[in-house]
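Visitor: Contents of structure_30.txt (compact mmCIF, C-alpha atoms):
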```
# COMPACT_ATOMS: atom_id res chain seq x y z
CA MET A 1 50.69 54.33 -15.09
CA ILE A 2 47.41 55.35 -16.57
CA THR A 3 49.10 55.90 -19.92
CA PHE A 4 50.72 52.51 -19.67
CA ILE A 5 47.41 50.82 -19.12
CA GLN A 6 45.81 52.60 -22.01
CA LYS A 7 48.62 51.73 -24.41
CA ASN A 8 48.96 48.18 -23.28
CA LYS A 9 45.43 47.56 -22.26
CA LYS A 10 45.18 44.13 -23.75
CA ALA A 11 48.53 42.93 -22.43
CA VAL A 12 47.82 44.10 -18.91
CA PHE A 13 44.36 42.68 -19.18
CA LEU A 14 45.67 39.22 -20.06
CA THR A 15 48.35 39.40 -17.37
CA ILE A 16 45.72 40.07 -14.75
CA LEU A 17 43.79 37.11 -16.02
CA VAL A 18 46.75 34.81 -15.63
CA VAL A 19 47.68 36.18 -12.22
CA LEU A 20 44.19 35.67 -10.92
CA ASN A 21 44.08 32.25 -12.54
CA PHE A 22 40.84 32.91 -14.38
CA CYS A 23 39.99 30.31 -16.91
CA LEU A 24 37.56 32.60 -18.60
CA ALA A 25 36.79 36.11 -17.52
CA ALA A 26 33.22 37.20 -17.88
CA TRP A 27 32.39 40.81 -18.39
CA GLY A 28 28.98 42.40 -18.40
CA GLU A 29 27.61 43.94 -21.52
CA SER A 30 28.79 47.40 -20.46
CA ALA A 31 32.37 46.23 -20.12
CA ALA A 32 32.42 44.28 -23.35
CA THR A 33 33.84 47.15 -25.35
CA VAL A 34 37.01 47.15 -23.24
CA ALA A 35 38.52 44.24 -25.07
CA THR A 36 36.85 44.26 -28.45
CA GLY A 37 39.17 46.56 -30.38
CA GLY A 38 40.23 44.86 -33.59
CA ASP A 39 39.26 41.38 -32.42
CA LYS A 40 37.10 39.02 -34.39
CA LYS A 41 33.48 39.14 -33.37
CA ASN A 42 32.22 35.77 -32.22
CA THR A 43 28.45 35.59 -31.98
CA ILE A 44 26.33 32.70 -30.81
CA GLU A 45 22.67 33.02 -31.75
CA ILE A 46 20.07 31.48 -29.48
CA LYS A 47 17.08 30.39 -31.52
CA ASP A 48 14.52 27.61 -31.13
CA PHE A 49 16.12 26.50 -27.86
CA MET A 50 19.51 25.93 -29.46
CA PHE A 51 22.91 27.59 -29.35
CA ASN A 52 24.04 28.23 -32.90
CA PRO A 53 26.75 27.36 -33.62
CA PRO A 54 26.71 24.72 -30.89
CA SER A 55 30.52 24.67 -30.90
CA ILE A 56 32.74 27.68 -31.49
CA THR A 57 36.53 28.05 -31.63
CA VAL A 58 38.01 31.39 -30.57
CA LYS A 59 41.39 32.84 -29.73
CA SER A 60 42.24 33.75 -26.18
CA GLY A 61 41.40 37.40 -25.61
CA GLU A 62 38.57 37.48 -28.15
CA THR A 63 35.04 38.20 -27.05
CA ILE A 64 32.07 35.88 -27.40
CA THR A 65 28.56 37.29 -27.50
CA TRP A 66 25.31 35.36 -27.13
CA ILE A 67 22.09 36.93 -28.34
CA ASN A 68 18.68 35.48 -27.53
CA HIS A 69 16.20 35.47 -30.43
CA ASP A 70 13.59 33.32 -28.65
CA ASP A 71 10.44 34.53 -26.91
CA GLU A 72 11.67 32.57 -23.92
CA PRO A 73 14.43 33.52 -21.47
CA HIS A 74 17.69 31.60 -21.64
CA THR A 75 20.90 31.60 -19.66
CA VAL A 76 24.54 30.78 -20.36
CA VAL A 77 26.04 28.75 -17.53
CA SER A 78 29.47 27.10 -17.50
CA VAL A 79 29.64 23.42 -16.60
CA GLY A 80 31.87 23.34 -13.54
CA LYS A 81 31.47 27.10 -13.06
CA LYS A 82 34.57 27.91 -15.11
CA PHE A 83 33.25 31.31 -16.13
CA GLN A 84 30.71 33.73 -14.80
CA LYS A 85 27.14 32.81 -15.69
CA SER A 86 24.77 35.18 -17.44
CA SER A 87 21.60 36.46 -15.88
CA ALA A 88 18.38 35.41 -17.58
CA LEU A 89 18.46 36.83 -21.11
CA ASP A 90 15.09 38.00 -22.31
CA THR A 91 14.28 38.36 -26.00
CA ASP A 92 17.00 40.28 -27.91
CA GLN A 93 19.24 40.58 -24.85
CA GLU A 94 22.95 39.85 -25.17
CA PHE A 95 25.68 38.45 -22.96
CA THR A 96 29.39 38.88 -23.65
CA ILE A 97 32.47 37.27 -22.16
CA THR A 98 36.15 37.45 -23.04
CA ALA A 99 37.90 34.17 -23.69
CA GLY A 100 40.75 33.47 -21.27
CA ALA A 101 43.00 30.46 -20.94
CA PRO A 102 43.08 27.94 -23.79
CA GLY A 103 40.91 24.90 -23.28
CA THR A 104 37.47 23.45 -23.94
CA TYR A 105 34.53 24.87 -22.05
CA GLU A 106 31.10 23.28 -21.94
CA TYR A 107 28.10 25.40 -21.11
CA PHE A 108 24.30 25.08 -20.97
CA CYS A 109 21.08 26.97 -20.35
CA SER A 110 20.10 26.48 -16.71
CA VAL A 111 16.44 27.12 -17.59
CA HIS A 112 16.42 24.51 -20.36
CA PRO A 113 19.36 22.23 -19.57
CA LYS A 114 18.86 20.27 -22.77
CA MET A 115 20.45 23.29 -24.46
CA THR A 116 24.21 22.81 -24.44
CA GLY A 117 27.19 24.32 -26.24
CA THR A 118 30.98 24.23 -26.38
CA ILE A 119 33.65 26.90 -26.54
CA VAL A 120 37.15 25.94 -27.65
CA VAL A 121 39.73 28.58 -26.73
CA GLU A 122 43.03 28.51 -28.59
CA LYS A 123 46.20 30.47 -27.91
CA MET B 1 -28.58 28.26 -24.02
CA SER B 2 -30.97 28.53 -21.12
CA ASP B 3 -29.99 27.92 -17.52
CA TYR B 4 -33.07 26.09 -16.22
CA ILE B 5 -32.58 23.19 -13.86
CA SER B 6 -34.03 20.07 -15.40
CA HIS B 7 -33.07 17.55 -12.71
CA ASP B 8 -32.38 18.52 -9.13
CA HIS B 9 -31.85 15.11 -7.57
CA GLU B 10 -29.77 16.39 -4.69
CA HIS B 11 -32.11 19.33 -4.00
CA ASP B 12 -29.11 21.61 -4.01
CA GLY B 13 -30.19 23.94 -6.74
CA ILE B 14 -27.84 22.57 -9.36
CA ASP B 15 -28.34 19.78 -11.83
CA ARG B 16 -25.85 17.77 -13.81
CA ARG B 17 -26.01 20.13 -16.74
CA GLY B 18 -25.49 23.12 -14.49
CA PHE B 19 -22.61 21.48 -12.70
CA LEU B 20 -20.82 20.66 -15.92
CA LYS B 21 -21.46 24.13 -17.18
CA CYS B 22 -19.90 25.59 -14.07
CA MET B 23 -16.98 23.27 -14.45
CA ALA B 24 -16.64 24.53 -17.98
CA TRP B 25 -16.47 28.04 -16.64
CA ALA B 26 -13.57 26.90 -14.57
CA GLY B 27 -11.89 25.86 -17.77
CA THR B 28 -8.66 27.53 -16.76
CA GLY B 29 -7.96 24.68 -14.43
CA VAL B 30 -8.82 21.15 -13.62
CA LEU B 31 -11.37 20.38 -10.98
CA TRP B 32 -10.31 17.65 -8.65
CA THR B 33 -12.77 16.13 -6.26
CA VAL B 34 -12.43 13.73 -3.39
CA SER B 35 -15.47 11.58 -3.01
CA GLY B 36 -15.87 8.98 -0.33
CA GLY B 37 -12.18 9.25 0.53
CA VAL B 38 -11.01 8.25 -2.93
CA LEU B 39 -9.59 10.88 -5.20
CA VAL B 40 -11.38 11.17 -8.50
CA SER B 41 -9.15 12.78 -11.05
CA LYS B 42 -10.79 13.42 -14.36
CA THR B 43 -10.39 16.16 -16.86
CA LEU B 44 -13.40 17.77 -18.40
CA ALA B 45 -12.39 16.37 -21.74
CA GLN B 46 -12.06 12.90 -20.34
CA ILE B 47 -15.49 13.06 -18.78
CA ALA B 48 -16.90 14.46 -21.95
CA LYS B 49 -15.37 11.82 -24.19
CA ALA B 50 -16.06 8.81 -22.04
CA GLY B 51 -19.47 9.85 -20.89
CA ALA B 52 -18.37 8.91 -17.41
CA SER B 53 -20.37 10.00 -14.44
CA LEU B 54 -19.26 12.70 -12.07
CA PRO B 55 -18.69 11.92 -8.43
CA ALA B 56 -21.98 11.93 -6.60
CA ALA B 57 -20.76 13.47 -3.38
CA THR B 58 -17.95 15.91 -2.95
CA ASP B 59 -16.13 16.18 0.27
CA LEU B 60 -13.31 18.31 -1.01
CA SER B 61 -12.68 20.25 -4.16
CA PHE B 62 -9.71 22.31 -5.18
CA LEU B 63 -8.49 23.89 -8.33
CA GLN B 64 -5.17 23.73 -10.13
CA ILE B 65 -3.92 26.76 -12.00
CA SER B 66 -0.54 26.93 -13.66
CA ASP B 67 1.97 28.83 -15.73
CA SER B 68 0.60 32.35 -15.42
CA HIS B 69 3.94 33.80 -16.67
CA ILE B 70 3.16 37.33 -15.46
CA GLY B 71 5.48 39.67 -17.38
CA PHE B 72 5.36 37.77 -20.67
CA ASN B 73 4.35 40.20 -23.43
CA LYS B 74 5.26 38.56 -26.73
CA ASP B 75 3.05 37.68 -29.67
CA ALA B 76 1.70 34.46 -28.18
CA ASN B 77 -0.19 36.59 -25.63
CA LYS B 78 0.41 40.31 -25.22
CA ASP B 79 -1.62 40.51 -22.02
CA VAL B 80 -1.12 37.54 -19.75
CA THR B 81 -2.30 39.54 -16.74
CA GLU B 82 -5.68 39.91 -18.40
CA THR B 83 -6.02 36.20 -19.12
CA PHE B 84 -4.98 35.44 -15.55
CA LYS B 85 -7.73 37.80 -14.37
CA ILE B 86 -10.22 36.00 -16.58
CA ALA B 87 -9.12 32.73 -15.04
CA LEU B 88 -9.83 34.09 -11.58
CA ASP B 89 -13.18 35.46 -12.75
CA ARG B 90 -14.14 31.94 -13.80
CA ILE B 91 -13.16 30.58 -10.41
CA ASN B 92 -15.13 33.34 -8.69
CA ALA B 93 -18.15 32.48 -10.84
CA MET B 94 -18.34 28.94 -9.50
CA PRO B 95 -21.44 28.53 -7.31
CA THR B 96 -19.38 26.56 -4.83
CA PRO B 97 -15.86 27.91 -4.70
CA PRO B 98 -12.98 25.43 -4.46
CA SER B 99 -11.53 24.95 -0.98
CA PHE B 100 -8.12 26.09 -2.18
CA LEU B 101 -5.97 26.58 -5.24
CA ILE B 102 -2.74 24.87 -6.22
CA HIS B 103 -0.44 26.88 -8.47
CA THR B 104 2.00 24.57 -10.21
CA GLY B 105 4.64 27.12 -11.05
CA ASP B 106 5.86 29.74 -13.50
CA ILE B 107 4.00 32.45 -11.65
CA THR B 108 6.22 34.96 -13.47
CA GLN B 109 8.11 35.13 -16.72
CA LEU B 110 11.44 36.50 -15.43
CA SER B 111 11.31 36.23 -11.60
CA LYS B 112 11.11 40.03 -11.31
CA PRO B 113 9.75 41.48 -8.06
CA GLU B 114 7.28 43.64 -10.00
CA GLU B 115 5.97 40.54 -11.78
CA PHE B 116 5.38 38.80 -8.46
CA ASP B 117 3.73 42.04 -7.24
CA THR B 118 1.32 42.06 -10.18
CA PHE B 119 0.43 38.42 -9.62
CA ASP B 120 -0.24 39.00 -5.93
CA GLU B 121 -2.33 42.08 -6.62
CA VAL B 122 -4.53 40.32 -9.17
CA LEU B 123 -4.87 37.26 -6.96
CA LYS B 124 -6.43 39.40 -4.24
CA ASN B 125 -9.56 39.41 -6.37
CA CYS B 126 -9.95 35.66 -6.05
CA ARG B 127 -12.68 34.55 -3.66
CA THR B 128 -10.67 31.46 -2.76
CA LYS B 129 -7.90 32.70 -0.53
CA ASP B 130 -5.82 29.60 0.22
CA VAL B 131 -3.20 28.94 -2.45
CA PHE B 132 -0.41 26.37 -2.35
CA TYR B 133 2.57 26.85 -4.63
CA VAL B 134 5.48 25.06 -6.18
CA PRO B 135 8.03 27.02 -8.22
CA GLY B 136 8.60 26.86 -11.96
CA GLU B 137 12.01 27.49 -13.50
CA HIS B 138 10.81 30.98 -14.44
CA ASP B 139 10.31 31.81 -10.75
CA VAL B 140 13.89 31.04 -9.70
CA LEU B 141 15.89 32.53 -12.57
CA ASN B 142 18.51 34.68 -10.90
CA ASP B 143 18.37 34.05 -7.16
CA GLY B 144 17.85 30.30 -6.83
CA GLY B 145 14.28 30.89 -5.68
CA LYS B 146 14.95 33.13 -2.68
CA LEU B 147 12.28 35.69 -3.55
CA TYR B 148 9.78 32.97 -4.42
CA ARG B 149 10.30 31.24 -1.08
CA GLU B 150 9.94 34.48 0.86
CA ARG B 151 6.58 35.17 -0.74
CA TYR B 152 4.82 31.89 -1.32
CA LEU B 153 5.68 29.48 1.46
CA LYS B 154 4.35 31.44 4.42
CA SER B 155 1.44 29.10 5.14
CA VAL B 156 3.37 25.83 4.91
CA ASP B 157 6.16 24.10 6.79
CA ALA B 158 8.63 24.13 3.89
CA LYS B 159 11.94 22.26 3.90
CA GLY B 160 15.09 22.54 1.80
CA SER B 161 14.54 24.58 -1.34
CA GLY B 162 10.80 24.77 -0.68
CA TRP B 163 9.15 21.33 -0.60
CA TYR B 164 6.40 20.51 1.91
CA SER B 165 3.35 18.43 2.65
CA PHE B 166 -0.02 19.00 4.28
CA ASN B 167 -3.28 17.19 4.93
CA LYS B 168 -6.79 18.18 3.90
CA ASN B 169 -9.90 16.09 4.49
CA GLY B 170 -7.92 12.88 4.75
CA VAL B 171 -5.89 13.54 1.63
CA HIS B 172 -2.12 13.95 1.91
CA PHE B 173 -0.71 16.65 -0.38
CA ILE B 174 2.97 16.85 -1.29
CA GLY B 175 4.49 19.87 -3.07
CA LEU B 176 7.85 19.13 -4.70
CA VAL B 177 10.55 21.34 -6.26
CA ASN B 178 12.16 20.03 -9.45
CA VAL B 179 13.42 23.21 -11.12
CA LEU B 180 16.63 23.92 -9.20
CA GLU B 181 20.24 22.85 -9.65
CA LEU B 182 19.51 21.48 -13.11
CA GLN B 183 22.43 19.78 -14.85
CA ALA B 184 23.68 20.28 -18.40
CA GLY B 185 21.86 18.00 -20.81
CA GLY B 186 19.46 16.92 -18.10
CA LEU B 187 15.81 17.09 -17.14
CA GLY B 188 13.99 18.39 -14.08
CA GLN B 189 15.54 17.17 -10.87
CA LEU B 190 14.41 16.54 -7.29
CA GLY B 191 17.77 15.71 -5.71
CA ASP B 192 18.75 13.32 -2.95
CA GLU B 193 17.85 15.56 -0.02
CA GLN B 194 14.29 16.03 -1.23
CA LEU B 195 13.87 12.36 -2.10
CA GLU B 196 14.99 11.33 1.38
CA TRP B 197 12.52 13.77 2.86
CA LEU B 198 9.76 12.36 0.66
CA GLU B 199 10.48 8.80 1.71
CA ALA B 200 10.31 9.82 5.37
CA ASP B 201 7.21 11.95 4.82
CA VAL B 202 5.07 9.12 3.50
CA LYS B 203 6.54 6.37 5.67
CA GLY B 204 3.94 6.56 8.42
CA LEU B 205 0.93 6.88 6.14
CA GLY B 206 -1.52 4.06 5.58
CA ALA B 207 -1.64 2.68 2.04
CA ASP B 208 -5.26 3.77 1.81
CA THR B 209 -4.37 7.44 2.23
CA PRO B 210 -5.05 9.24 -1.04
CA LEU B 211 -1.96 11.17 -2.16
CA VAL B 212 -1.76 14.24 -4.33
CA VAL B 213 1.76 15.09 -5.50
CA PHE B 214 2.33 18.37 -7.31
CA ALA B 215 5.41 19.82 -8.96
CA HIS B 216 6.11 22.07 -11.92
CA ILE B 217 7.95 19.88 -14.43
CA PRO B 218 6.16 16.60 -15.19
CA LEU B 219 7.17 13.75 -12.90
CA TRP B 220 6.82 11.38 -15.83
CA THR B 221 8.80 11.39 -19.02
CA VAL B 222 6.59 13.25 -21.43
CA TYR B 223 9.20 14.22 -24.03
CA PRO B 224 12.84 14.17 -22.95
CA GLN B 225 14.01 15.80 -26.18
CA TRP B 226 12.39 18.99 -24.86
CA GLY B 227 13.37 18.36 -21.27
CA TRP B 228 9.80 17.43 -20.34
CA GLY B 229 10.49 15.02 -17.54
CA THR B 230 12.29 14.66 -14.20
CA SER B 231 15.49 12.62 -14.11
CA ASP B 232 15.00 11.11 -10.64
CA SER B 233 11.20 10.87 -10.57
CA GLU B 234 11.36 7.07 -10.64
CA ARG B 235 12.79 7.02 -7.14
CA ALA B 236 10.05 9.35 -5.94
CA LEU B 237 7.35 7.20 -7.47
CA GLY B 238 8.98 4.10 -6.03
CA CYS B 239 8.11 5.10 -2.50
CA LEU B 240 4.54 5.93 -3.54
CA LYS B 241 3.84 2.57 -5.19
CA ARG B 242 2.22 0.99 -2.14
CA PHE B 243 -0.52 3.63 -2.05
CA GLY B 244 -3.90 2.88 -3.55
CA SER B 245 -4.46 6.32 -5.03
CA VAL B 246 -1.74 8.69 -6.19
CA THR B 247 -2.51 11.73 -8.31
CA VAL B 248 0.40 13.66 -9.79
CA LEU B 249 -0.35 17.21 -10.91
CA ASN B 250 2.17 19.10 -13.05
CA GLY B 251 2.37 22.19 -15.23
CA HIS B 252 5.27 23.38 -17.41
CA ILE B 253 4.08 22.07 -20.78
CA HIS B 254 0.98 24.29 -21.16
CA GLN B 255 -1.29 21.51 -22.37
CA VAL B 256 -3.41 18.77 -20.90
CA LEU B 257 -1.82 15.35 -21.01
CA GLN B 258 -2.73 12.39 -18.86
CA LYS B 259 -1.29 8.98 -18.17
CA VAL B 260 -2.41 6.24 -15.81
CA ASP B 261 0.18 3.80 -14.52
CA GLY B 262 -1.16 1.36 -11.95
CA ASN B 263 -2.58 3.40 -9.11
CA VAL B 264 -0.84 6.56 -10.25
CA THR B 265 -2.57 9.12 -12.43
CA PHE B 266 -0.34 11.74 -14.02
CA HIS B 267 -1.85 14.94 -15.26
CA THR B 268 -0.51 18.18 -16.73
CA ALA B 269 -2.49 21.42 -16.68
CA LEU B 270 -3.13 24.19 -19.15
CA SER B 271 -1.47 27.57 -18.79
CA THR B 272 -3.34 30.80 -18.21
CA ALA B 273 -0.78 32.62 -20.38
CA PHE B 274 -0.02 30.93 -23.70
CA PRO B 275 -0.11 27.48 -25.29
CA GLN B 276 2.90 25.38 -26.15
CA PRO B 277 3.11 22.89 -29.01
CA ALA B 278 2.40 19.19 -28.64
CA PRO B 279 5.59 17.16 -28.20
CA GLY B 280 7.71 17.13 -31.33
CA THR B 281 5.31 19.15 -33.47
CA ALA B 282 7.45 22.31 -33.60
CA PRO B 283 11.17 23.15 -33.78
CA SER B 284 11.10 24.04 -30.09
CA PRO B 285 8.73 24.05 -27.11
CA GLY B 286 8.57 27.87 -27.10
CA PRO B 287 5.36 29.90 -26.80
CA MET B 288 2.94 28.96 -29.58
CA LYS B 289 1.27 31.72 -31.55
CA VAL B 290 -2.31 30.97 -32.42
CA PRO B 291 -4.96 33.20 -33.99
CA ALA B 292 -6.21 35.76 -31.48
CA GLU B 293 -9.70 34.36 -31.51
CA LYS B 294 -8.35 30.93 -30.70
CA LEU B 295 -6.05 31.90 -27.85
CA ARG B 296 -8.47 31.66 -24.96
CA SER B 297 -9.62 28.23 -26.05
CA MET B 298 -6.01 27.12 -25.86
CA LEU B 299 -5.84 28.46 -22.33
CA GLY B 300 -8.53 26.13 -21.22
CA LEU B 301 -11.42 28.49 -21.55
CA THR B 302 -13.13 26.00 -23.71
CA SER B 303 -16.61 25.65 -22.33
CA VAL B 304 -18.14 22.25 -21.97
CA HIS B 305 -21.58 21.14 -20.89
CA TYR B 306 -23.47 17.94 -20.72
CA LYS B 307 -26.42 17.08 -22.85
CA GLN B 308 -28.97 15.41 -20.61
CA GLY B 309 -29.88 11.90 -21.63
CA ASN B 310 -27.13 11.61 -24.18
CA SER B 311 -24.14 9.43 -23.39
CA ALA B 312 -21.96 11.24 -25.92
CA LEU B 313 -22.02 14.54 -24.24
CA ALA B 314 -19.47 17.25 -24.96
CA VAL B 315 -20.80 20.57 -26.07
CA VAL B 316 -18.41 23.49 -26.53
CA ASP B 317 -19.89 26.94 -26.21
CA SER B 318 -17.44 29.78 -26.56
CA ASN B 319 -20.24 32.31 -25.84
CA LEU B 320 -19.91 31.50 -22.17
CA SER B 321 -16.78 33.60 -22.07
```
Please, can you express the file's structure as structure tokens?
Guide:
Amino acid sequence: MITFIQKNKKAVFLTILVVLNFCLAAWGESAATVATGGDKKNTIEIKDFMFNPPSITVKSGETITWINHDDEPHTVVSVGKKFQKSSALDTDQEFTITAGAPGTYEYFCSVHPKMTGTIVVEK
Amino acid sequence: MSDYISHDHEHDGIDRRGFLKCMAWAGTGVLWTVSGGVLVSKTLAQIAKAGASLPAATDLSFLQISDSHIGFNKDANKDVTETFKIALDRINAMPTPPSFLIHTGDITQLSKPEEFDTFDEVLKNCRTKDVFYVPGEHDVLNDGGKLYRERYLKSVDAKGSGWYSFNKNGVHFIGLVNVLELQAGGLGQLGDEQLEWLEADVKGLGADTPLVVFAHIPLWTVYPQWGWGTSDSERALGCLKRFGSVTVLNGHIHQVLQKVDGNVTFHTALSTAFPQPAPGTAPSPGPMKVPAEKLRSMLGLTSVHYKQGNSALAVVDSNLS
């Protein structure tokens, strides 16, 4: 069983997501490496109170990482609570999630709600 | 500059020049006085520019401090604890200490317990012991304000997420919370529950009762592009319209701005931590780096005194610090 999980980590991972009906599964920074192998790296830079790029398209199963370059804390919070929110990210701190079910996900910074962004997840 | 008393009309050991000088020492905040039951709300700069007279008699004075951001350590100010201490030193240096302080939020940078601890420890050195708080968004980052409420609402009868009112010397004070449950794309927000409480709170008050309303994010639309406003503040102000004197004290934007609308005076305070840019003058409202020698002047430590017999009066003396 352990061998099976290791060999088919990604497949099992996605199955669990579907079973649990997660729209997006959020992992902490420590867990981010679990699903990164070979996937495209999607990075959203936070600078001058903006998410850059403001809209990003990713494939289901890919990771998305936000990194805060401001001297001000920011958060990443899903509109409608569709994925786990980040804690407050201080300067140079990162937050990573793994994209789940296809769809469009709006998010914002709960400290500065004028800051908004969009994630489009494709199959 | 000498400290002799040239005119001691009130025989209280302080003349106009001395009083203004002391006020200048308290440059980390704004001195609000209630004279003859009517709230007089003037900034030092306003008094200085207009040459207006100070209130003759003071029945009540208090001091507003704001945005101490304990824990912030970036280039805009590497030692915000030190500048907060200096702010308290200025308050302690006042010959007549204010009756109480109002802190209009962002006590800490990241809502960390150790940041709150540092703030509390430093505040012990303040001669004025009574402090009334409202939270800033930096104080409620990860727990919705739980830690903040446990620490800073002990002396008040707080409702909901931490709003309350109290009376001092015939003035009705209202502390509001507009930094929680913010919505994507939106501004500060009070919410229906708080607004209903506010309407009930002021219902029984006579229209001649002076009101002081304080909250972190401005209760007027300063610059919505940067989120500097409160989406449902109009409803709050609606139920305050019948009052003859309403003073709204806010923080959040780290600079002094003032607006008068009918009987309502809106005012934002300086920070004790770091300045922020004027609306629209920078790519973002983030901490503004200024030359080290200029920093304290941007934190309100600009010293002002009055030149006797001269209607144009402002004198800035940085040596006072």
Visitor: Grab the atom CA of Ala101 of chain A to atom CA of Lys59 of chain A distance for me, in Å with one decimal place.
Guide: 9.2 Å
Visitor: Fewer than 3 positions away in the same chain doesn't count, so skip those; otherwise give me all residues within 8 Å of Thr209 of chain B, counting all atoms listed in the file, as a PyMOL selection string.
Guide: chain B and resi 170-172+205-206+243-245
Visitor: Show me, as a list in words, every residue of chain B with an atom at most 7 Å from chain A, counting all atoms listed in the file.
Guide: Lys74, Glu137, Leu141, Asn142, Leu182, Gln183, Ala184, Gly185, Gly186, Leu187, Trp226, Gly227, Pro283, Ser284, Gly286 and Pro287 of chain B
Visitor: I want to know what sits within 12 Å of Asn73 of chain B, based on all atoms listed in the file, with residues of the same chain fewer than 5 positions away left out; could you give that as a PyMOL selection string?
Guide: (chain A and resi 71-72+90-91) or (chain B and resi 68+78-83+108-110+115+273-274+287)
Visitor: Using all atoms listed in the file, collect all residues at a distance of at most 7 Å from (27.4, 37.8, -27.4) as written in the file, then present them as a PyMOL selection string.
Guide: chain A and resi 43-44+64-67+94-96
Visitor: Box in all listed atoms of segment 60-79 of chain A, axis-aligned, with 6 Å more on each side; write out centre and edge lengths in Å to one decimal as JSON.
Guide:
```
{"center_x": 26.3, "center_y": 30.8, "center_z": -23.5, "size_x": 43.8, "size_y": 26.8, "size_z": 25.8}
```
Visitor: Can you tell me which residues surround Leu190 of chain B at a distance of at most 8 Å, considering all atoms listed in the file, apart from same-chain residues fewer than 4 positions away, and format the answer as a PyMOL selection string?
Guide: chain B and resi 176-180+194-195+230-233
